[in-house]
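Trainee: Input file: my_file.cif. Contents: mmCIF, C-alpha atoms.
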data_upload
loop_
_atom_site.label_atom_id
_atom_site.label_comp_id
_atom_site.auth_asym_id
_atom_site.auth_seq_id
_atom_site.Cartn_x
_atom_site.Cartn_y
_atom_site.Cartn_z
CA MET A 1 9.59 -14.23 -2.35
CA MET A 2 10.48 -10.79 -1.15
CA ARG A 3 13.74 -9.06 -1.88
CA SER A 4 15.58 -6.48 0.20
CA ALA A 5 14.85 -2.79 -0.02
CA ILE A 6 16.94 -0.47 -2.11
CA ILE A 7 17.13 2.06 0.69
CA ALA A 8 19.22 0.55 3.47
CA GLY A 9 21.39 3.25 5.00
CA ALA A 10 20.39 2.58 8.58
CA LEU A 11 20.63 -1.15 8.05
CA LEU A 12 24.17 -0.85 6.69
CA ILE A 13 25.20 1.01 9.82
CA GLY A 14 23.68 -1.80 11.84
CA LEU A 15 25.60 -4.36 9.84
CA ALA A 16 28.87 -2.60 10.54
CA ALA A 17 28.16 -2.15 14.22
CA CYS A 18 26.41 -5.33 15.26
CA GLY A 19 24.95 -8.32 13.45
CA SER A 20 22.20 -8.73 16.05
CA GLU A 21 20.45 -5.59 14.80
CA THR A 22 20.08 -7.16 11.37
CA GLU A 23 18.66 -10.27 12.96
CA THR A 24 16.09 -8.10 14.76
CA VAL A 25 14.96 -6.47 11.50
CA GLU A 26 14.61 -9.87 9.82
CA SER A 27 12.74 -11.24 12.82
CA GLU A 28 10.26 -8.36 12.75
CA SER A 29 9.60 -8.91 9.06
CA ALA A 30 9.13 -12.62 9.62
CA ASN A 31 6.42 -11.89 12.19
CA TYR A 32 3.99 -11.21 9.35
CA SER A 33 2.71 -14.20 7.39
CA ALA A 34 -0.12 -14.80 4.96
CA ARG A 35 -1.65 -17.30 7.35
CA GLN A 36 -2.50 -14.67 9.96
CA TYR A 37 -4.77 -12.85 7.48
CA MET A 38 -6.96 -15.79 6.51
CA GLN A 39 -9.89 -14.46 8.53
CA ALA A 40 -9.84 -11.34 6.36
CA VAL A 41 -9.57 -13.41 3.19
CA ASN A 42 -12.48 -15.64 4.24
CA ASP A 43 -14.78 -12.77 5.26
CA ILE A 44 -18.28 -13.59 4.01
CA ALA A 45 -18.55 -10.08 2.55
CA ARG A 46 -15.83 -11.09 0.06
CA MET A 47 -17.65 -13.93 -1.66
CA ASP A 48 -17.64 -12.19 -5.04
CA ASP A 49 -13.97 -11.21 -4.66
CA ARG A 50 -12.64 -14.74 -4.27
CA GLN A 51 -12.57 -15.36 -8.01
CA TYR A 52 -9.69 -12.87 -8.16
CA ASP A 53 -7.72 -14.12 -5.16
CA GLU A 54 -5.46 -16.56 -6.98
CA THR A 55 -4.00 -13.74 -9.04
CA ARG A 56 -4.15 -10.98 -6.44
CA GLN A 57 -2.83 -13.02 -3.49
CA PRO A 58 -4.58 -10.95 -0.82
CA ALA A 59 -3.13 -12.61 2.28
CA GLU A 60 0.40 -12.21 0.98
CA LEU A 61 -0.23 -8.54 0.18
CA LEU A 62 -1.55 -7.86 3.69
CA ALA A 63 1.49 -9.58 5.17
CA PHE A 64 3.81 -7.49 3.02
CA ALA A 65 1.93 -4.35 4.08
CA GLN A 66 2.34 -5.45 7.72
CA ILE A 67 -1.22 -4.57 8.67
CA ASP A 68 -1.83 -4.79 12.41
CA LYS A 69 -5.02 -4.95 14.45
CA GLY A 70 -6.04 -1.50 15.63
CA GLU A 71 -4.37 0.37 12.78
CA VAL A 72 -5.88 3.34 10.96
CA VAL A 73 -5.49 2.62 7.25
CA GLY A 74 -6.33 4.53 4.09
CA ASP A 75 -7.39 2.69 0.92
CA TYR A 76 -6.38 5.33 -1.61
CA ILE A 77 -8.40 5.11 -4.84
CA MET A 78 -10.43 2.12 -3.69
CA GLY A 79 -11.95 1.14 -7.04
CA GLY A 80 -14.50 -1.61 -6.53
CA GLY A 81 -13.58 -2.15 -2.89
CA TYR A 82 -11.55 -5.35 -3.16
CA LEU A 83 -8.88 -4.08 -0.78
CA THR A 84 -11.34 -2.20 1.45
CA ARG A 85 -13.11 -5.44 2.32
CA LEU A 86 -9.82 -7.14 3.19
CA LEU A 87 -8.66 -4.28 5.36
CA ALA A 88 -11.97 -4.06 7.20
CA THR A 89 -11.32 -7.39 8.90
CA ALA A 90 -7.53 -7.15 8.99
CA VAL A 91 -7.54 -4.04 11.21
CA GLY A 92 -10.08 -5.55 13.61
CA ALA A 93 -12.85 -3.94 15.62
CA ASN A 94 -10.49 -1.38 17.13
CA GLY A 95 -9.01 -0.32 13.81
CA LYS A 96 -10.38 1.90 11.09
CA VAL A 97 -10.35 1.95 7.31
CA TYR A 98 -10.91 5.09 5.27
CA ALA A 99 -12.05 4.04 1.81
CA PHE A 100 -11.38 6.88 -0.62
CA GLN A 101 -13.01 7.20 -4.02
CA PRO A 102 -11.94 10.23 -6.10
CA GLU A 103 -14.72 12.49 -7.31
CA GLU A 104 -13.04 12.54 -10.72
CA PHE A 105 -13.42 8.76 -11.01
CA ILE A 106 -17.09 8.92 -10.06
CA ALA A 107 -17.68 11.65 -12.63
CA PHE A 108 -16.10 9.43 -15.29
CA ARG A 109 -17.89 6.25 -14.14
CA PRO A 110 -20.85 6.78 -11.76
CA GLU A 111 -20.83 3.10 -10.77
CA TYR A 112 -17.80 3.82 -8.60
CA ALA A 113 -20.11 5.60 -6.15
CA ASP A 114 -22.42 2.58 -5.95
CA GLU A 115 -19.46 0.24 -5.49
CA GLN A 116 -18.13 2.39 -2.67
CA ASP A 117 -21.50 2.30 -0.92
CA ALA A 118 -21.70 -1.48 -1.32
CA ALA A 119 -18.16 -1.99 -0.03
CA VAL A 120 -18.71 -0.17 3.25
CA ALA A 121 -22.30 -1.31 3.91
CA PRO A 122 -21.46 -4.69 5.54
CA TYR A 123 -19.36 -2.92 8.18
CA ALA A 124 -21.95 -0.30 9.20
CA ASP A 125 -24.21 -0.41 12.26
CA SER A 126 -27.89 -1.39 12.17
CA GLU A 127 -28.82 2.14 11.07
CA GLY A 128 -26.30 2.21 8.25
CA ASN A 129 -23.79 4.47 9.97
CA PRO A 130 -20.09 3.75 9.39
CA VAL A 131 -18.36 1.98 12.25
CA ASN A 132 -14.80 1.06 11.36
CA VAL A 133 -15.00 1.46 7.57
CA VAL A 134 -15.61 5.06 6.54
CA PRO A 135 -16.21 6.18 2.93
CA LEU A 136 -14.51 9.35 1.74
CA ARG A 137 -14.97 11.27 -1.50
CA GLY A 138 -13.07 14.30 -2.71
CA PRO A 139 -10.60 15.53 -5.33
CA ILE A 140 -7.94 12.96 -6.14
CA ALA A 141 -5.21 14.95 -4.37
CA GLU A 142 -7.42 15.92 -1.41
CA PRO A 143 -9.01 12.84 0.18
CA GLY A 144 -9.73 14.65 3.42
CA TRP A 145 -8.48 11.97 5.78
CA PRO A 146 -9.94 12.96 9.18
CA GLU A 147 -6.91 11.79 11.16
CA PRO A 148 -3.28 10.79 10.65
CA LEU A 149 -2.88 7.29 9.19
CA ASP A 150 -0.67 4.36 10.11
CA THR A 151 -0.72 2.95 6.58
CA ILE A 152 -1.93 3.96 3.14
CA ILE A 153 -2.29 1.38 0.38
CA THR A 154 -2.86 2.14 -3.28
CA VAL A 155 -3.12 -0.71 -5.76
CA MET A 156 -2.86 -0.33 -9.54
CA ASN A 157 -3.77 3.35 -9.44
CA PHE A 158 -0.59 5.31 -8.79
CA HIS A 159 -0.13 5.84 -12.53
CA ASP A 160 -3.52 7.58 -12.64
CA LEU A 161 -1.98 10.56 -10.88
CA TYR A 162 -0.05 11.26 -14.08
CA LEU A 163 -3.00 11.25 -16.47
CA THR A 164 -3.15 14.41 -18.55
CA ASP A 165 -6.88 14.61 -17.79
CA PHE A 166 -5.87 16.07 -14.42
CA PRO A 167 -4.52 19.59 -13.94
CA GLU A 168 -0.77 20.03 -14.15
CA GLY A 169 0.87 19.36 -10.80
CA THR A 170 -1.75 16.85 -9.62
CA ALA A 171 0.79 14.05 -9.21
CA GLU A 172 3.19 16.18 -7.18
CA GLU A 173 0.35 17.44 -4.98
CA ALA A 174 -0.99 13.93 -4.40
CA VAL A 175 2.42 12.44 -3.55
CA GLN A 176 3.04 15.20 -1.02
CA MET A 177 -0.43 14.57 0.43
CA LEU A 178 0.33 10.87 0.88
CA TYR A 179 3.47 11.71 2.80
CA ASP A 180 1.83 14.37 4.96
CA SER A 181 -1.16 12.14 5.75
CA LEU A 182 0.91 9.46 7.48
CA LYS A 183 2.03 9.43 11.07
CA PRO A 184 5.81 9.60 11.57
CA GLY A 185 7.02 6.05 10.93
CA GLY A 186 3.90 5.26 8.89
CA THR A 187 4.00 3.23 5.70
CA LEU A 188 2.84 3.62 2.13
CA VAL A 189 2.29 0.47 0.06
CA VAL A 190 2.22 0.96 -3.71
CA VAL A 191 1.40 -1.70 -6.29
CA ASP A 192 1.21 -0.78 -9.95
CA HIS A 193 1.63 -2.05 -13.49
CA LEU A 194 5.21 -1.68 -14.70
CA ALA A 195 5.91 0.32 -17.83
CA ALA A 196 8.82 -0.36 -20.14
CA GLU A 197 11.99 1.32 -18.95
CA GLY A 198 11.92 5.01 -19.78
CA GLY A 199 8.18 5.00 -20.43
CA GLY A 200 7.75 8.20 -18.45
CA VAL A 201 4.46 10.05 -18.14
CA GLU A 202 3.44 8.90 -21.61
CA ALA A 203 3.17 5.29 -20.42
CA ALA A 204 0.58 6.27 -17.80
CA ASN A 205 -1.56 7.83 -20.48
CA THR A 206 -1.17 5.35 -23.32
CA VAL A 207 -0.92 1.92 -21.66
CA HIS A 208 -1.94 2.74 -18.04
CA ARG A 209 1.42 1.68 -16.63
CA MET A 210 3.86 3.35 -14.26
CA ASP A 211 7.45 4.18 -15.05
CA ARG A 212 9.37 2.69 -12.11
CA GLN A 213 12.02 5.40 -11.90
CA LEU A 214 9.48 8.20 -12.22
CA ALA A 215 7.51 6.74 -9.30
CA LEU A 216 10.59 6.15 -7.17
CA ASP A 217 11.92 9.66 -7.74
CA ALA A 218 8.55 11.21 -6.91
CA LEU A 219 8.12 9.26 -3.68
CA THR A 220 11.65 9.53 -2.34
CA GLY A 221 11.70 13.16 -3.41
CA VAL A 222 9.12 14.06 -0.74
CA GLY A 223 10.93 12.05 1.95
CA PHE A 224 9.73 8.45 1.68
CA GLU A 225 12.31 5.71 2.13
CA LEU A 226 11.88 2.51 0.14
CA GLU A 227 11.95 -0.10 2.87
CA GLU A 228 11.17 -3.27 0.97
CA GLU A 229 10.31 -4.42 -2.53
CA SER A 230 8.46 -7.65 -3.30
CA ASP A 231 8.25 -9.76 -6.43
CA LEU A 232 4.74 -10.84 -5.40
CA TYR A 233 3.27 -9.72 -8.72
CA ALA A 234 6.33 -10.09 -10.91
CA ARG A 235 5.51 -11.39 -14.40
CA PRO A 236 8.82 -11.43 -16.31
CA ASP A 237 7.15 -12.56 -19.54
CA ASP A 238 5.17 -9.33 -19.78
CA PRO A 239 6.92 -7.09 -22.35
CA ARG A 240 5.31 -4.11 -20.55
CA THR A 241 4.21 -2.54 -23.82
CA ALA A 242 0.55 -3.60 -24.05
CA ASN A 243 -2.28 -1.60 -22.54
CA VAL A 244 -3.21 -3.22 -19.21
CA PHE A 245 -6.81 -3.55 -20.42
CA ASP A 246 -5.76 -5.53 -23.49
CA ASP A 247 -7.16 -9.06 -23.33
CA SER A 248 -3.72 -10.45 -24.15
CA ILE A 249 -2.27 -9.27 -20.83
CA ARG A 250 -5.13 -8.24 -18.57
CA GLY A 251 -4.72 -9.72 -15.10
CA GLN A 252 -1.18 -10.89 -15.87
CA THR A 253 0.83 -7.68 -16.00
CA ASP A 254 4.26 -7.33 -14.46
CA GLN A 255 3.83 -5.18 -11.36
CA PHE A 256 6.07 -3.59 -8.75
CA THR A 257 5.17 -3.86 -5.06
CA TRP A 258 6.77 -1.42 -2.63
CA ARG A 259 6.56 -0.67 1.06
CA LEU A 260 7.84 2.83 1.76
CA ARG A 261 8.22 4.43 5.15
CA LYS A 262 7.91 7.97 6.40
CA PRO A 263 10.84 8.53 8.77
CA GLU A 264 10.13 8.93 12.48
#
Kindly present the structure from the file in structure tokens form.
Mentor:
Amino acid sequence: MMRSAIIAGALLIGLAACGSETETVESESANYSARQYMQAVNDIARMDDRQYDETRQPAELLAFAQIDKGEVVGDYIMGGGYLTRLLATAVGANGKVYAFQPEEFIAFRPEYADEQDAAVAPYADSEGNPVNVVPLRGPIAEPGWPEPLDTIITVMNFHDLYLTDFPEGTAEEAVQMLYDSLKPGGTLVVVDHLAAEGGGVEAANTVHRMDRQLALDALTGVGFELEEESDLYARPDDPRTANVFDDSIRGQTDQFTWRLRKPE
């Protein structure tokens, strides 16, 4: 299901020096399976989310992201909280999830604030105080994470950084923020709708899709290494030209799924 990463310099050295190192990398990857995240998928707080699970494959996404118990994870641009609810259980009682909703999104659609409140409420204490799921609001490029993160996940929102509604330079500022917010060795998982090749910034604004090369250049340009790419949400029949909200393609877009790492 998952194909090898594009960036493999260190792995190539390992291949030349000793095959056992490659086996170790493969073994570590194999340690994560969808089955181990079924408790998160079956969380009672996710009852309304389950209608989307067949398409969104939540357990497989968590396995690809390699979420561990005790991790500190950022849900960047959390939307309705689908991923926040999954992460809340996946990180366990000793982990923490920072669920970030951009102020710009709330200004455009006030319901995002209500959805954020509803997403974190089941994981609060008896007085409503956050325990291991903490809501954050701020400018899209300044989430205000209170501590360094092990993992950041952003799903179907990376293209939003390139909307012309935001000030010039927002995308570059946000990408740098994502890199700086992670611990050394931390990971960034990005899932987004694929634009037609060469779609550029225009695709983000007209059809709400992300140009693959534009995203890759931006992320590797600040220091991220593309560790692995998955075809989890590959839809080869999607011509990548329709707006993602068009009824003809909604919920069935071709998407890229990346796990990038900040070097140690």
Trainee: From the options A:Glu54, A:Met210, A:Phe224, A:Ala218, which residue's atoms come nearest to Asp254 in chain A, counting only C-alpha atoms?
Mentor: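 Once distances to Asp254 in chain A are computed over only C-alpha atoms, the minimum belongs to A:Met210.
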Trainee: Residues at most 10 Å from range 128-140 of chain A, counting all atoms listed in the file, excluding those fewer than 2 positions away in the same chain, as a PyMOL selection string?
Mentor: chain A and resi 72-78+84-85+87-89+91-106+113+116-117+119-126+142-146+160-161+166+170-171+173-174
Trainee: Could you write out as a PyMOL selection string the residues that the PyMOL selection byres ((chain A and resi 219) around 12) matches in the shown file?
Mentor: chain A and resi 158+171-180+187-190+212-218+220-226+258-262
Trainee: For the file shown, what are the residues hit by the PyMOL selection byres ((chain A and resi 164) around 12), laid out as a PyMOL selection string?
Mentor: chain A and resi 159-163+165-171+201-206+208
Trainee: Can you tell me how far CA of Ala45 in chain A sits from CA of Gln66 in chain A, in Å to one decimal?
Mentor: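 Value for the CA of Ala45 in chain A-CA of Gln66 in chain A distance: 22.0 Å.
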Trainee: I need the residue nearest Met156 in chain A from this list: A:Ala118, A:Leu182, A:Ala141, A:Leu83. Use all atoms listed in the file for the distance.
Mentor: A:Leu83
Trainee: I need every residue sitting at most 10 Å from the point (-0.3, -5.7, 12.0) (coordinates as in the file, all atoms listed in the file considered), written as a PyMOL selection string.
Mentor: chain A and resi 31-32+36-37+62-63+65-71+90-92
Trainee: What do you get, as a PyMOL selection string, if you spell out every residue that the PyMOL selection byres ((chain A and resi 235-240) around 7) selects here?
Mentor: chain A and resi 194-196+233-234+241-242+252-254
Trainee: My list of candidates is A:Gly251, A:Gly80, A:Gly198, A:Pro263. Which is closest to Thr55 in chain A when distances are computed with only C-alpha atoms?
Mentor: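 Selected residue with least distance to Thr55 in chain A: A:Gly251.
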Trainee: Using CA of Leu61 in chain A and CA of Ser230 in chain A as the two end points, give the distance in Å to one decimal.
Mentor: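 Interatomic distance, CA of Leu61 in chain A to CA of Ser230 in chain A: 9.4 Å.
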Trainee: In file coordinates, which residues lie within 8 Å of (-1.3, 8.9, 13.5) using all atoms listed in the file, given as a ChimeraX atom specification?
Mentor: /A:72,147-150,182-184,186
Trainee: Go through A:Arg35, A:Arg250, A:Arg50, A:His193 one by one, measure the shortest atom-to-atom distance of each to Tyr82 in chain A using all atoms listed in the file, and give the residue with the smallest value.
Mentor: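 Of the candidates, the smallest distance to Tyr82 in chain A is held by A:Arg50.
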Trainee: Can you tell me how far CA of Ser248 in chain A sits from CA of Val207 in chain A, in Å to one decimal?
Mentor: 12.9 Å
Trainee: Taking only C-alpha atoms into account, name the residue in A:Glu60, A:Glu264, A:Glu229, A:Glu197 that is nearest to Met38 in chain A.
Mentor: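 Result for the nearest residue to Met38 in chain A: A:Glu60.
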Trainee: Out of A:Ile153, A:Ser181, A:Phe256, A:Asn243, which residue has the shortest atom-to-atom distance to Asp211 in chain A when counting all atoms listed in the file?
Mentor: A:Phe256
Trainee: Could you complete range 121-133 of chain A so that it carries N, CA and C atoms, and give it back as a PDB file, keeping the file's coordinate frame?
Mentor:
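File produced: selection-v6.pdb:
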ATOM      1  N   ALA A 121     -21.017  -0.960   3.271  1.00  0.00           N
ATOM      2  CA  ALA A 121     -22.300  -1.310   3.910  1.00  0.00           C
ATOM      3  C   ALA A 121     -22.208  -2.472   4.896  1.00  0.00           C
ATOM      4  N   PRO A 122     -21.484  -3.564   4.594  1.00  0.00           N
ATOM      5  CA  PRO A 122     -21.460  -4.690   5.540  1.00  0.00           C
ATOM      6  C   PRO A 122     -20.812  -4.361   6.879  1.00  0.00           C
ATOM      7  N   TYR A 123     -20.106  -3.262   6.965  1.00  0.00           N
ATOM      8  CA  TYR A 123     -19.360  -2.920   8.180  1.00  0.00           C
ATOM      9  C   TYR A 123     -19.988  -1.743   8.924  1.00  0.00           C
ATOM     10  N   ALA A 124     -21.225  -1.379   8.541  1.00  0.00           N
ATOM     11  CA  ALA A 124     -21.950  -0.300   9.200  1.00  0.00           C
ATOM     12  C   ALA A 124     -22.793  -0.854  10.341  1.00  0.00           C
ATOM     13  N   ASP A 125     -23.332   0.040  11.176  1.00  0.00           N
ATOM     14  CA  ASP A 125     -24.210  -0.410  12.260  1.00  0.00           C
ATOM     15  C   ASP A 125     -25.612  -0.665  11.719  1.00  0.00           C
ATOM     16  N   SER A 126     -26.538  -1.000  12.591  1.00  0.00           N
ATOM     17  CA  SER A 126     -27.890  -1.390  12.170  1.00  0.00           C
ATOM     18  C   SER A 126     -28.645  -0.247  11.492  1.00  0.00           C
ATOM     19  N   GLU A 127     -28.187   0.994  11.705  1.00  0.00           N
ATOM     20  CA  GLU A 127     -28.820   2.140  11.070  1.00  0.00           C
ATOM     21  C   GLU A 127     -28.063   2.626   9.831  1.00  0.00           C
ATOM     22  N   GLY A 128     -27.054   1.873   9.449  1.00  0.00           N
ATOM     23  CA  GLY A 128     -26.300   2.210   8.250  1.00  0.00           C
ATOM     24  C   GLY A 128     -25.185   3.204   8.441  1.00  0.00           C
ATOM     25  N   ASN A 129     -24.866   3.524   9.693  1.00  0.00           N
ATOM     26  CA  ASN A 129     -23.790   4.470   9.970  1.00  0.00           C
ATOM     27  C   ASN A 129     -22.439   3.765   9.969  1.00  0.00           C
ATOM     28  N   PRO A 130     -21.414   4.374   9.399  1.00  0.00           N
ATOM     29  CA  PRO A 130     -20.090   3.750   9.390  1.00  0.00           C
ATOM     30  C   PRO A 130     -19.593   3.477  10.804  1.00  0.00           C
ATOM     31  N   VAL A 131     -18.941   2.331  10.960  1.00  0.00           N
ATOM     32  CA  VAL A 131     -18.360   1.980  12.250  1.00  0.00           C
ATOM     33  C   VAL A 131     -16.839   2.035  12.130  1.00  0.00           C
ATOM     34  N   ASN A 132     -16.253   1.011  11.515  1.00  0.00           N
ATOM     35  CA  ASN A 132     -14.800   1.060  11.360  1.00  0.00           C
ATOM     36  C   ASN A 132     -14.353   1.132   9.906  1.00  0.00           C
ATOM     37  N   VAL A 133     -15.322   1.236   8.981  1.00  0.00           N
ATOM     38  CA  VAL A 133     -15.000   1.460   7.570  1.00  0.00           C
ATOM     39  C   VAL A 133     -15.761   2.705   7.130  1.00  0.00           C
TER      40      VAL A 133
END
